[in-house]
file upload-v6.cif (mmCIF, C-alpha atoms and all ligand atoms)
data_protein
#
loop_
_atom_site.label_atom_id
_atom_site.label_comp_id
_atom_site.auth_asym_id
_atom_site.auth_seq_id
_atom_site.Cartn_x
_atom_site.Cartn_y
_atom_site.Cartn_z
CA MET L 1 58.61 130.36 88.29
CA SER L 2 62.13 129.05 88.72
CA LYS L 3 65.04 130.55 86.88
CA THR L 4 66.70 128.56 84.13
CA ILE L 5 69.80 128.30 81.99
CA THR L 6 70.35 125.99 79.04
CA ILE L 7 73.19 123.49 78.82
CA ASP L 8 73.73 122.15 75.30
CA GLY L 9 70.16 123.23 74.59
CA GLN L 10 68.67 121.41 77.59
CA VAL L 11 66.72 123.63 80.01
CA VAL L 12 68.25 123.43 83.49
CA PRO L 13 66.68 125.15 86.52
CA PHE L 14 68.80 126.82 89.19
CA GLU L 15 68.47 128.71 92.43
CA ASP L 16 70.26 131.93 93.22
CA GLY L 17 73.72 131.26 94.60
CA GLN L 18 74.23 128.06 92.61
CA THR L 19 77.14 127.73 90.22
CA ILE L 20 76.67 126.33 86.74
CA MET L 21 78.25 123.09 88.05
CA ASP L 22 75.76 122.92 90.94
CA ALA L 23 72.80 123.40 88.63
CA ALA L 24 74.15 120.87 86.13
CA THR L 25 74.80 118.22 88.77
CA ALA L 26 71.34 118.68 90.26
CA ALA L 27 69.83 118.23 86.80
CA GLY L 28 71.90 115.11 86.08
CA VAL L 29 74.15 116.79 83.52
CA TYR L 30 77.82 115.83 83.79
CA ILE L 31 80.42 118.55 83.41
CA PRO L 32 83.96 117.09 83.57
CA HIS L 33 85.89 118.11 86.69
CA LEU L 34 88.78 117.07 88.92
CA CYS L 35 89.26 119.84 91.50
CA HIS L 36 85.56 120.25 92.16
CA HIS L 37 83.73 118.34 94.89
CA PRO L 38 80.17 119.30 95.83
CA GLU L 39 81.00 119.33 99.55
CA TYR L 40 83.83 121.84 99.35
CA THR L 41 84.35 125.47 98.46
CA PRO L 42 85.14 125.61 94.72
CA HIS L 43 88.75 126.16 93.84
CA GLY L 44 88.61 126.59 90.07
CA SER L 45 92.14 125.42 89.34
CA CYS L 46 92.04 122.40 87.03
CA LYS L 47 89.98 124.07 84.28
CA LEU L 48 88.51 120.77 83.12
CA CYS L 49 85.04 122.16 83.80
CA THR L 50 85.57 124.89 81.23
CA VAL L 51 82.30 125.55 79.42
CA LYS L 52 81.21 128.27 77.01
CA VAL L 53 78.79 130.69 78.62
CA ASN L 54 77.19 133.00 76.07
CA GLY L 55 80.26 132.46 73.89
CA ARG L 56 82.93 132.95 76.57
CA ASN L 57 85.01 130.32 78.34
CA CYS L 58 84.21 130.04 82.06
CA SER L 59 84.90 127.54 84.83
CA ALA L 60 81.55 125.95 85.57
CA CYS L 61 82.54 125.13 89.16
CA THR L 62 83.05 128.78 90.11
CA PHE L 63 80.80 130.68 87.70
CA PRO L 64 77.37 131.61 89.06
CA ALA L 65 74.33 130.47 87.13
CA LEU L 66 72.39 133.50 85.89
CA GLU L 67 69.00 133.69 84.21
CA GLY L 68 69.06 132.90 80.51
CA GLN L 69 72.69 131.79 80.16
CA GLU L 70 73.34 129.61 77.14
CA VAL L 71 75.98 127.12 78.18
CA LEU L 72 77.89 124.78 75.85
CA ASN L 73 79.42 121.78 77.60
CA ASP L 74 79.65 118.49 75.74
CA THR L 75 81.05 119.76 72.43
CA PRO L 76 83.92 118.32 70.35
CA ASP L 77 85.92 121.56 70.75
CA LEU L 78 85.57 121.75 74.53
CA ASN L 79 86.31 118.05 74.92
CA ALA L 80 89.41 118.44 72.72
CA ASP L 81 90.59 121.26 75.01
CA ARG L 82 89.86 119.09 78.04
CA GLN L 83 91.90 116.29 76.54
CA LYS L 84 94.85 118.66 76.09
CA ILE L 85 94.54 119.84 79.71
CA THR L 86 94.48 116.22 80.88
CA GLN L 87 97.57 115.45 78.79
CA MET L 88 99.33 118.41 80.45
CA LEU L 89 98.47 116.97 83.86
CA PHE L 90 99.93 113.62 82.80
CA VAL L 91 103.26 115.06 81.58
CA GLU L 92 103.63 117.52 84.46
CA GLY L 93 103.53 114.80 87.09
CA ASN L 94 104.77 111.23 86.89
CA HIS L 95 101.73 109.08 86.25
CA PHE L 96 102.88 105.53 85.65
CA CYS L 97 99.52 103.80 85.91
CA PRO L 98 100.77 100.18 85.87
CA SER L 99 102.70 100.83 89.09
CA CYS L 100 100.00 102.81 90.91
CA GLU L 101 97.66 101.30 93.49
CA LYS L 102 94.89 103.65 92.42
CA THR L 103 94.82 102.40 88.83
CA GLY L 104 91.30 101.52 87.76
CA ASN L 105 89.85 103.70 90.52
CA CYS L 106 91.63 106.97 89.69
CA GLN L 107 89.61 109.97 88.59
CA LEU L 108 92.46 111.43 86.53
CA GLN L 109 92.72 108.15 84.65
CA GLY L 110 88.94 107.76 84.45
CA LEU L 111 88.59 111.20 82.94
CA ALA L 112 91.39 110.50 80.44
CA TYR L 113 89.61 107.30 79.41
CA HIS L 114 86.34 109.18 79.09
CA LEU L 115 88.01 111.74 76.82
CA ASN L 116 89.49 108.87 74.75
CA MET L 117 93.01 110.12 75.48
CA LEU L 118 95.38 107.67 73.78
CA ASP L 119 98.70 109.48 74.22
CA ASN L 120 100.30 112.24 76.25
CA HIS L 121 101.13 114.46 73.26
CA PHE L 122 103.52 116.81 75.11
CA PRO L 123 107.13 116.15 76.11
CA HIS L 124 107.35 114.67 79.58
CA PHE L 125 108.79 116.77 82.40
CA TYR L 126 109.97 113.80 84.49
CA ALA L 127 110.14 116.20 87.41
CA THR L 128 111.79 114.76 90.50
CA ARG L 129 109.18 114.46 93.23
CA GLN L 130 109.34 112.74 96.59
CA VAL L 131 107.42 110.00 98.34
CA ASP L 132 106.53 110.52 102.00
CA ALA L 133 106.05 107.08 103.54
CA SER L 134 106.90 108.21 107.06
CA HIS L 135 103.42 107.73 108.51
CA PRO L 136 102.48 104.20 109.62
CA GLU L 137 99.12 104.19 107.84
CA VAL L 138 99.00 106.91 105.19
CA MET L 139 101.49 107.66 102.42
CA ILE L 140 101.89 110.45 99.90
CA ASP L 141 103.40 109.99 96.48
CA HIS L 142 103.99 113.52 95.27
CA ASN L 143 104.63 112.20 91.74
CA ARG L 144 100.87 111.86 91.34
CA CYS L 145 99.65 115.11 92.89
CA ILE L 146 97.74 117.37 90.49
CA PHE L 147 97.36 120.23 93.02
CA CYS L 148 93.59 120.06 93.06
CA THR L 149 93.73 121.15 96.75
CA LEU L 150 90.90 118.81 97.68
CA CYS L 151 92.96 117.38 100.56
CA VAL L 152 93.76 120.94 101.68
CA ARG L 153 90.09 121.87 101.69
CA ALA L 154 88.92 118.60 103.26
CA SER L 155 91.48 118.84 106.05
CA HIS L 156 90.49 122.44 106.75
CA GLU L 157 86.74 122.34 106.20
CA THR L 158 85.80 118.85 107.43
CA ASP L 159 88.63 117.61 109.63
CA GLY L 160 89.48 121.01 111.15
CA LYS L 161 93.17 120.12 111.01
CA ASP L 162 94.98 121.93 108.17
CA VAL L 163 97.38 119.08 107.54
CA PHE L 164 97.99 120.11 103.91
CA GLY L 165 98.83 123.26 102.00
CA ILE L 166 100.08 124.27 98.57
CA SER L 167 103.33 126.18 98.33
CA GLY L 168 105.40 127.66 95.49
CA ARG L 169 104.37 128.83 92.05
CA GLY L 170 104.45 127.42 88.53
CA LEU L 171 106.94 124.60 88.16
CA ASN L 172 107.85 124.86 91.83
CA LYS L 173 104.31 124.40 93.05
CA HIS L 174 104.06 121.54 95.51
CA LEU L 175 101.96 120.08 98.27
CA ILE L 176 103.34 120.74 101.74
CA ILE L 177 102.66 119.02 105.01
CA ASN L 178 101.95 121.09 108.07
CA SER L 179 104.37 119.68 110.64
CA PRO L 180 107.70 120.88 112.07
CA SER L 181 109.60 118.21 110.13
CA GLY L 182 107.45 118.58 107.02
CA GLU L 183 106.72 114.86 107.27
CA LEU L 184 103.35 113.20 107.50
CA LYS L 185 104.27 111.16 110.58
CA ASP L 186 104.51 114.36 112.65
CA THR L 187 100.99 115.55 111.83
CA ASP L 188 97.77 114.56 113.57
CA ILE L 189 96.32 112.99 110.41
CA SER L 190 94.32 109.80 110.91
CA ILE L 191 92.88 107.35 108.41
CA ASP L 192 89.36 108.44 109.31
CA ASP L 193 90.03 111.95 108.06
CA ALA L 194 88.11 113.10 105.00
CA ALA L 195 91.39 114.43 103.61
CA VAL L 196 92.82 110.92 103.39
CA HIS L 197 89.96 109.68 101.22
CA ILE L 198 89.36 112.63 98.92
CA CYS L 199 92.37 112.49 96.59
CA PRO L 200 91.22 111.99 92.99
CA THR L 201 94.56 110.41 92.02
CA GLY L 202 96.91 107.96 93.70
CA ALA L 203 98.83 110.69 95.53
CA ILE L 204 97.34 109.98 98.99
CA LEU L 205 97.03 106.28 99.73
CA ILE L 206 96.20 104.19 102.75
CA LYS L 207 98.94 101.65 103.24
CA ARG L 208 98.31 97.94 102.83
CA THR L 209 95.00 98.41 101.01
CA GLY L 210 96.22 98.43 97.40
CA TYR L 211 95.18 96.13 94.56
CA GLN L 212 92.32 94.56 96.51
CA ILE L 213 89.74 94.90 93.76
CA PRO L 214 90.45 92.60 90.81
CA ILE L 215 90.85 94.01 87.30
CA GLY L 216 87.44 94.07 85.67
CA GLN L 217 85.67 95.12 88.89
CA ARG L 218 87.36 98.45 89.46
CA ILE L 219 85.38 101.67 89.27
CA TYR L 220 86.30 102.74 85.74
CA ASP L 221 86.80 99.31 84.15
CA HIS L 222 83.37 99.31 82.57
CA GLN L 223 81.66 102.46 83.80
CA GLN L 224 82.57 105.88 82.51
CA ILE L 225 83.34 108.72 84.90
CA ASP L 226 80.29 110.74 83.82
CA GLN L 227 77.96 108.02 85.12
CA VAL L 228 80.05 107.32 88.24
CA SER L 229 80.32 111.00 89.09
CA LEU L 230 76.63 111.73 88.59
CA ALA L 231 75.59 108.69 90.62
CA ARG L 232 77.73 109.97 93.51
CA GLU L 233 77.30 113.71 93.33
CA HIS L 234 73.76 113.98 92.08
CA HIS L 235 72.80 111.91 95.10
CA GLN L 236 74.93 113.94 97.50
CA ASP L 237 73.27 117.02 96.16
CA GLU L 238 69.82 115.84 97.17
CA GLN L 239 70.83 115.17 100.77
CA MET A 1 105.72 90.77 45.02
CA SER A 2 102.53 89.94 46.87
CA ASN A 3 99.86 92.53 47.53
CA LYS A 4 99.85 91.81 51.20
CA ILE A 5 100.04 94.59 53.75
CA ARG A 6 103.57 94.66 55.11
CA VAL A 7 103.89 94.95 58.89
CA ALA A 8 107.13 95.40 60.82
CA THR A 9 107.41 95.21 64.60
CA THR A 10 110.14 95.80 67.15
CA SER A 11 110.71 96.11 70.87
CA LEU A 12 112.95 98.97 72.00
CA ALA A 13 113.12 99.60 75.76
CA GLY A 14 110.23 97.23 76.35
CA CYS A 15 109.77 93.79 77.88
CA PHE A 16 108.22 92.06 74.84
CA GLY A 17 104.96 91.98 76.79
CA CYS A 18 103.25 93.92 74.00
CA HIS A 19 104.46 91.38 71.45
CA MET A 20 103.18 88.55 73.66
CA SER A 21 99.83 90.31 73.93
CA PHE A 22 99.73 90.70 70.13
CA LEU A 23 100.22 86.92 69.82
CA ASP A 24 97.21 86.55 72.13
CA ILE A 25 94.97 87.25 69.13
CA ASP A 26 95.46 83.47 68.84
CA GLU A 27 93.71 81.85 65.88
CA ARG A 28 92.87 85.27 64.47
CA MET A 29 96.56 85.32 63.49
CA LEU A 30 95.64 82.95 60.62
CA GLN A 31 93.02 85.39 59.39
CA LEU A 32 95.56 88.17 59.64
CA ALA A 33 98.18 86.16 57.75
CA GLN A 34 95.90 86.07 54.72
CA VAL A 35 96.20 89.82 54.25
CA VAL A 36 99.35 90.69 56.16
CA GLU A 37 102.99 89.76 55.69
CA PHE A 38 105.57 90.36 58.38
CA ASP A 39 108.73 92.24 57.51
CA ARG A 40 111.34 93.05 60.17
CA SER A 41 110.04 91.57 63.42
CA PRO A 42 111.06 89.15 66.16
CA ILE A 43 108.52 86.87 64.46
CA THR A 44 110.59 86.67 61.25
CA ASP A 45 114.17 87.50 62.22
CA ILE A 46 114.44 89.85 59.23
CA GLU A 47 117.09 92.34 60.30
CA HIS A 48 116.09 95.55 58.52
CA CYS A 49 112.75 96.83 57.34
CA THR A 50 112.01 97.91 53.80
CA ASN A 51 108.89 99.59 52.41
CA CYS A 52 106.38 98.64 55.05
CA ASP A 53 102.82 99.80 55.47
CA ILE A 54 102.59 99.55 59.24
CA GLY A 55 105.33 99.67 61.90
CA LEU A 56 104.47 98.67 65.45
CA ILE A 57 106.92 99.97 68.07
CA GLU A 58 106.96 98.58 71.58
CA GLY A 59 109.05 100.30 74.25
CA GLY A 60 110.58 103.72 74.73
CA VAL A 61 114.04 104.87 73.75
CA CYS A 62 116.79 104.16 76.30
CA ASN A 63 119.97 103.77 74.23
CA SER A 64 121.62 104.82 70.97
CA GLU A 65 120.56 101.66 69.14
CA ASN A 66 116.90 102.31 70.01
CA VAL A 67 117.19 105.69 68.29
CA HIS A 68 118.65 104.16 65.12
CA VAL A 69 116.03 101.41 64.96
CA LEU A 70 113.23 103.88 65.54
CA ARG A 71 114.50 106.13 62.74
CA GLU A 72 114.81 103.14 60.40
CA PHE A 73 111.18 102.28 61.11
CA ARG A 74 110.04 105.86 60.55
CA LYS A 75 111.88 105.97 57.24
CA ASN A 76 110.43 102.69 56.01
CA CYS A 77 106.89 102.58 57.43
CA LYS A 78 103.99 104.57 56.06
CA ILE A 79 102.17 104.34 59.37
CA LEU A 80 104.11 104.24 62.62
CA VAL A 81 102.34 103.14 65.79
CA ALA A 82 103.40 103.57 69.43
CA VAL A 83 102.34 100.36 71.15
CA GLY A 84 102.01 100.22 74.92
CA ALA A 85 102.78 102.38 77.94
CA CYS A 86 106.57 102.38 77.50
CA ALA A 87 106.42 103.64 73.90
CA ILE A 88 103.89 106.27 74.92
CA ASN A 89 105.34 107.64 78.18
CA GLY A 90 108.60 105.74 78.77
CA GLY A 91 106.83 103.40 81.16
CA LEU A 92 108.59 101.58 83.96
CA PRO A 93 112.08 101.94 82.36
CA ALA A 94 111.57 105.72 82.56
CA MET A 95 111.39 105.47 86.34
CA ARG A 96 115.18 105.56 86.19
CA ASN A 97 114.87 109.15 84.91
CA PHE A 98 114.79 110.35 88.51
CA ILE A 99 118.12 108.73 89.34
CA PRO A 100 121.42 109.91 87.79
CA LEU A 101 122.66 107.36 85.24
CA GLU A 102 125.92 106.91 87.09
CA ASP A 103 124.06 105.95 90.26
CA CYS A 104 121.97 103.41 88.29
CA LEU A 105 125.12 101.79 86.90
CA ARG A 106 126.82 101.82 90.28
CA GLU A 107 123.81 100.14 91.91
CA ALA A 108 123.47 97.53 89.15
CA TYR A 109 127.13 96.63 88.62
CA PHE A 110 128.96 97.53 91.85
CA ASP A 111 126.80 97.92 94.93
CA GLY A 112 123.91 95.58 94.07
CA ILE A 113 123.32 92.40 96.05
CA GLY A 114 125.29 89.41 94.75
CA VAL A 115 127.52 91.35 92.34
CA GLU A 116 130.80 89.54 91.65
CA ASN A 117 133.72 90.80 89.59
CA ALA A 118 132.29 94.31 89.69
CA GLN A 119 132.66 96.31 86.46
CA VAL A 120 130.43 98.31 84.15
CA PRO A 121 130.07 96.33 80.88
CA ASN A 122 131.90 98.28 78.18
CA ASP A 123 132.11 96.00 75.15
CA PRO A 124 132.16 98.28 72.09
CA GLU A 125 129.21 96.32 70.65
CA LEU A 126 126.97 97.44 73.50
CA PRO A 127 124.85 100.47 72.63
CA LEU A 128 125.47 103.49 74.85
CA LEU A 129 122.74 104.33 77.33
CA LEU A 130 120.94 107.63 76.99
CA ASP A 131 120.89 109.94 79.96
CA LYS A 132 117.10 109.53 80.17
CA VAL A 133 114.47 107.17 78.77
CA HIS A 134 112.16 108.92 76.29
CA PRO A 135 108.74 108.19 74.79
CA ILE A 136 109.10 107.58 71.06
CA HIS A 137 106.96 110.56 70.02
CA GLU A 138 109.75 112.79 71.33
CA VAL A 139 112.10 111.34 68.67
CA VAL A 140 110.00 110.73 65.53
CA LYS A 141 106.47 111.51 64.37
CA ILE A 142 103.99 108.88 65.50
CA ASP A 143 100.72 108.34 63.67
CA TYR A 144 98.74 106.26 66.16
CA PHE A 145 98.94 105.24 69.81
CA LEU A 146 97.73 102.03 71.44
CA PRO A 147 97.80 102.49 75.22
CA GLY A 148 97.98 99.65 77.73
CA CYS A 149 100.55 97.72 79.72
CA PRO A 150 100.20 95.77 77.55
CA PRO A 151 97.40 96.71 75.15
CA SER A 152 95.07 93.70 75.05
CA ALA A 153 94.94 91.38 72.04
CA ASP A 154 91.59 92.95 71.19
CA VAL A 155 93.27 96.36 70.92
CA PHE A 156 95.69 95.02 68.30
CA TRP A 157 92.86 93.28 66.50
CA LYS A 158 90.56 96.29 66.48
CA PHE A 159 93.31 98.63 65.35
CA LEU A 160 94.69 96.40 62.57
CA THR A 161 91.28 95.39 61.21
CA ASP A 162 90.20 99.04 61.17
CA LEU A 163 93.30 99.96 59.16
CA ILE A 164 93.15 96.96 56.85
CA GLU A 165 89.49 97.52 56.08
CA GLY A 166 90.09 101.17 55.35
CA ARG A 167 88.46 102.72 58.43
CA GLU A 168 89.97 105.43 60.59
CA PRO A 169 91.20 103.40 63.60
CA SER A 170 89.42 104.10 66.88
CA LEU A 171 89.30 102.43 70.28
CA PRO A 172 86.03 102.19 72.20
CA TYR A 173 85.99 102.91 75.96
CA GLU A 174 86.38 99.26 76.96
CA LEU A 175 89.66 98.97 75.07
CA VAL A 176 91.33 102.08 76.50
CA HIS A 177 93.49 101.21 79.48
CA TYR A 178 96.77 102.53 80.80
CA ASP A 179 97.52 99.43 82.86
S1 LIG U 1 97.42 115.09 97.16
FE1 LIG U 1 95.60 114.49 95.95
S2 LIG U 1 93.91 115.69 96.91
FE2 LIG U 1 95.82 116.66 97.60
S3 LIG U 1 96.21 118.33 96.11
FE3 LIG U 1 97.35 116.48 95.38
S4 LIG U 1 95.94 115.44 93.93
FE4 LIG U 1 94.69 116.91 95.16
S1 LIG U 2 86.49 121.53 88.30
FE1 LIG U 2 86.29 123.62 87.79
S2 LIG U 2 88.34 124.29 87.61
FE2 LIG U 2 88.56 122.21 88.34
#

call {"tool": "encode", "arguments": {"input": "upload-v6.cif", "output": "structure tokens", "more": "lines below"}}
Ligand code: SF4
Ligand code: FES
result
Amino acid sequence: MSKTITIDGQVVPFEDGQTIMDAATAAGVYIPHLCHHPEYTPHGSCKLCTVKVNGRNCSACTFPALEGQEVLNDTPDLNADRQKITQMLFVEGNHFCPSCEKTGNCQLQGLAYHLNMLDNHFPHFYATRQVDASHPEVMIDHNRCIFCTLCVRASHETDGKDVFGISGRGLNKHLIINSPSGELKDTDISIDDAAVHICPTGAILIKRTGYQIPIGQRIYDHQQIDQVSLAREHHQDEQ
Amino acid sequence: MSNKIRVATTSLAGCFGCHMSFLDIDERMLQLAQVVEFDRSPITDIEHCTNCDIGLIEGGVCNSENVHVLREFRKNCKILVAVGACAINGGLPAMRNFIPLEDCLREAYFDGIGVENAQVPNDPELPLLLDKVHPIHEVVKIDYFLPGCPPSADVFWKFLTDLIEGREPSLPYELVHYD
């Protein structure tokens, strides 16, 4: 007999070694997330996947599933917390959607829409961040980086290159580029790298590819991120 | 005095795009006019608002006059609404927040292409620029937010009809956009 947990009352089977996120995704249950990707080692930094496990808050992407856990996920309280976290991400960086090539296809935006986030609530930091457009094909707009480390993990785990890293703490935290000049043009990144395609926001972009999908046909124009995410990751899970 | 719902609107550091989008409710404007009366607004040219039910604010706050207008609206409107990206997060005007004000003025009035007779405009009637552009919720309390650049006509319609018909305003997924 397989082991099970419950998520919002629904019985969900799991295998030893799976996280709550893994078990949920396999069962077609969406738990909001930004820094999690089923192909990479969990990082547990964005906290959007926060669920209540037997009454305590845990990150679903890092917390192991254990027999008999009662997990709360899609509740008004947890979603309200998630909305606040998303608002913090919006005021910490500089997310001006109308001027971003990723708009309509951005996971940060898609999640905010899903959570019915209508304002940013907190005072804006307007932190000064740089744009690195030195590379002929790939650019980085640090204004939009949410430090999910997916590019760091993809570059290390898939591409075997270690092009990216995170440096500094708190307000000084920033994405760094592993090259003598600190610029993208002096790395061995290429547009085929997984790291170039993994960014959930518009921080890493491929040049000359923006705004190709008309409004109305973009990923999150009509479909919510829970459906999009499950369609992608549930499928990946089965492979 | 009529029993109509009094609505005031203004554009602060905005481009009037939100107002244009509001006008895109087209013939529904006639329906609206049966229950709503416009107070201070670019639609009426009334200069100051008095005892309004709803105030719609487009644009963030970029100069001293914006602050005064915003406070006048807060004082006179029962419900104050931030309309559009610029009112909510400063929007494109706030992209000057990363450049010192002096550099902005120098670029616009001295070093910019095609500038003749270079000088920073300093007529006493011109409102002074703020150091940074701010979202309006950082200055006064805001009751509701309508995101979008601009919010679509349907957003205005849904929000106003909800309010007028006594429902708590809400926007379904399809109407929530930041672009
Ligand atoms: S650049 Fe993108 S993928 Fe990399 S840490 Fe920032 S948000 Fe994440
Ligand atoms: S998805 Fe779990 S902490 Fe980010």

call {"tool": "atom_distance", "arguments": {"input": "upload-v6.cif", "atom1": "atom CA of L:Glu15", "atom2": "atom CA of L:Gly160"}}
result
29.2 Å

call {"tool": "closest_residue", "arguments": {"input": "upload-v6.cif", "among": "L:Pro38, L:Gly202, L:Gly93, L:Gly170", "to": "ligand LIG 1 (chain U)", "atoms": "all atoms listed in the file"}}
result
L:Gly202

call {"tool": "closest_atom_pairs", "arguments": {"input": "upload-v6.cif", "of": "chain A", "to": "chain L", "cutoff": "10 Å", "atoms": "all atoms listed in the file", "output": "tab-separated table"}}
result
residue	atom	partner	partner_atom	distance
A:Ala82	CA	L:Asp119	CA	8.9
A:Gly84	CA	L:Asp119	CA	9.9
A:Ala85	CA	L:Phe96	CA	8.3
A:Cys86	CA	L:Phe96	CA	9.5
A:Ala87	CA	L:Asp119	CA	9.7
A:Ile88	CA	L:Asp119	CA	6.1
A:Asn89	CA	L:Asn120	CA	7.1
A:Gly90	CA	L:Phe96	CA	8.9
A:Gly91	CA	L:Phe96	CA	6.3
A:Leu92	CA	L:Phe96	CA	7.1
A:Ala94	CA	L:Tyr126	CA	8.5
A:Met95	CA	L:Phe96	CA	8.5
A:Arg96	CA	L:Tyr126	CA	9.9
A:Asn97	CA	L:Tyr126	CA	6.8
A:Phe98	CA	L:Thr128	CA	5.7
A:Ile99	CA	L:Thr128	CA	8.8
A:Lys132	CA	L:Tyr126	CA	9.4
A:Val133	CA	L:Tyr126	CA	9.8
A:His134	CA	L:His124	CA	8.2
A:Pro135	CA	L:His124	CA	8.2
A:His137	CA	L:His121	CA	7.7
A:Glu138	CA	L:Pro123	CA	6.4
A:Ile142	CA	L:His121	CA	10.0
A:Tyr144	CA	L:Leu118	CA	8.4
A:Phe145	CA	L:Leu118	CA	5.9
A:Leu146	CA	L:Leu118	CA	6.5
A:Pro147	CA	L:Leu118	CA	5.9
A:Gly148	CA	L:Pro98	CA	8.6
A:Cys149	CA	L:Pro98	CA	6.6
A:Pro150	CA	L:Pro98	CA	9.4
A:Ser170	CA	L:Asn116	CA	9.2
A:Leu171	CA	L:Asn116	CA	7.8
A:Pro172	CA	L:Asn116	CA	7.9
A:Tyr173	CA	L:Tyr113	CA	6.7
A:Glu174	CA	L:His222	CA	6.4
A:Leu175	CA	L:Tyr113	CA	9.4
A:Val176	CA	L:Tyr113	CA	6.2
A:His177	CA	L:Tyr113	CA	7.2
A:Tyr178	CA	L:Cys97	CA	5.9
A:Asp179	CA	L:Pro98	CA	4.5

call {"tool": "write_last_selection", "arguments": {"input": "upload-v6.cif", "atoms": "C-alpha atoms", "output": "compact mmCIF listing (two decimals), keeping the file's coordinate frame"}}
result
# COMPACT_ATOMS: atom_id res chain seq x y z
CA ALA A 82 103.40 103.57 69.43
CA GLY A 84 102.01 100.22 74.92
CA ALA A 85 102.78 102.38 77.94
CA CYS A 86 106.57 102.38 77.50
CA ALA A 87 106.42 103.64 73.90
CA ILE A 88 103.89 106.27 74.92
CA ASN A 89 105.34 107.64 78.18
CA GLY A 90 108.60 105.74 78.77
CA GLY A 91 106.83 103.40 81.16
CA LEU A 92 108.59 101.58 83.96
CA ALA A 94 111.57 105.72 82.56
CA MET A 95 111.39 105.47 86.34
CA ARG A 96 115.18 105.56 86.19
CA ASN A 97 114.87 109.15 84.91
CA PHE A 98 114.79 110.35 88.51
CA ILE A 99 118.12 108.73 89.34
CA LYS A 132 117.10 109.53 80.17
CA VAL A 133 114.47 107.17 78.77
CA HIS A 134 112.16 108.92 76.29
CA PRO A 135 108.74 108.19 74.79
CA HIS A 137 106.96 110.56 70.02
CA GLU A 138 109.75 112.79 71.33
CA ILE A 142 103.99 108.88 65.50
CA TYR A 144 98.74 106.26 66.16
CA PHE A 145 98.94 105.24 69.81
CA LEU A 146 97.73 102.03 71.44
CA PRO A 147 97.80 102.49 75.22
CA GLY A 148 97.98 99.65 77.73
CA CYS A 149 100.55 97.72 79.72
CA PRO A 150 100.20 95.77 77.55
CA SER A 170 89.42 104.10 66.88
CA LEU A 171 89.30 102.43 70.28
CA PRO A 172 86.03 102.19 72.20
CA TYR A 173 85.99 102.91 75.96
CA GLU A 174 86.38 99.26 76.96
CA LEU A 175 89.66 98.97 75.07
CA VAL A 176 91.33 102.08 76.50
CA HIS A 177 93.49 101.21 79.48
CA TYR A 178 96.77 102.53 80.80
CA ASP A 179 97.52 99.43 82.86

call {"tool": "residues_near_ligand", "arguments": {"input": "upload-v6.cif", "ligand": "ligand LIG 1 (chain U)", "cutoff": "12 Å", "atoms": "all atoms listed in the file", "output": "ChimeraX atom specification"}}
result
/L:34-37,43,45-46,89-90,93,95,102,106-108,131-132,138-155,162-167,173-177,194-205

call {"tool": "residues_around", "arguments": {"input": "upload-v6.cif", "residues": "A:Thr10", "least_positions_apart": "5", "cutoff": "7 Å", "atoms": "all atoms listed in the file", "output": "PyMOL selection string"}}
result
chain A and resi 41-42+56-58

call {"tool": "atom_distance", "arguments": {"input": "upload-v6.cif", "atom1": "atom CA of A:Val67", "atom2": "atom CA of A:Leu130"}}
result
9.7 Å

call {"tool": "atom_distance", "arguments": {"input": "upload-v6.cif", "atom1": "atom CA of L:Asn57", "atom2": "atom CA of L:Tyr30"}}
result
17.1 Å

call {"tool": "residues_around", "arguments": {"input": "upload-v6.cif", "residues": "stretch 73-76 of chain L", "least_positions_apart": "2", "cutoff": "10 Å", "atoms": "all atoms listed in the file", "output": "MDAnalysis selection string"}}
result
chainID L and resid 7:9 29:32 49:53 60 70:71 78:82

call {"tool": "axis_aligned_box", "arguments": {"input": "upload-v6.cif", "around": "ligand LIG 2 (chain U)", "padding_each_side": "4 Å", "output": "AutoDock Vina command-line options"}}
result
--center_x 87.4 --center_y 122.9 --center_z 88.0 --size_x 10.3 --size_y 10.8 --size_z 8.7

call {"tool": "closest_residue", "arguments": {"input": "upload-v6.cif", "among": "L:Leu48, L:Val12, L:Ala231, L:Ile5", "to": "L:Gln69", "atoms": "only C-alpha atoms"}}
result
L:Ile5

call {"tool": "closest_residue", "arguments": {"input": "upload-v6.cif", "among": "L:Phe14, L:Tyr211, L:Phe125, L:Tyr40", "to": "ligand LIG 2 (chain U)", "atoms": "all atoms listed in the file"}}
result
L:Tyr40

call {"tool": "closest_residue", "arguments": {"input": "upload-v6.cif", "among": "A:Asp24, A:Val139, A:Ile113, A:Asn76", "to": "A:Gly60", "atoms": "all atoms listed in the file"}}
result
A:Val139

call {"tool": "residues_around", "arguments": {"input": "upload-v6.cif", "residues": "A:Leu105", "least_positions_apart": "4", "cutoff": "10 Å", "atoms": "only C-alpha atoms", "output": "list in words"}}
result
Pro100, Leu101, Tyr109, Phe110, Asp111, Gly112, Gln119, Val120 and Pro121 of chain A
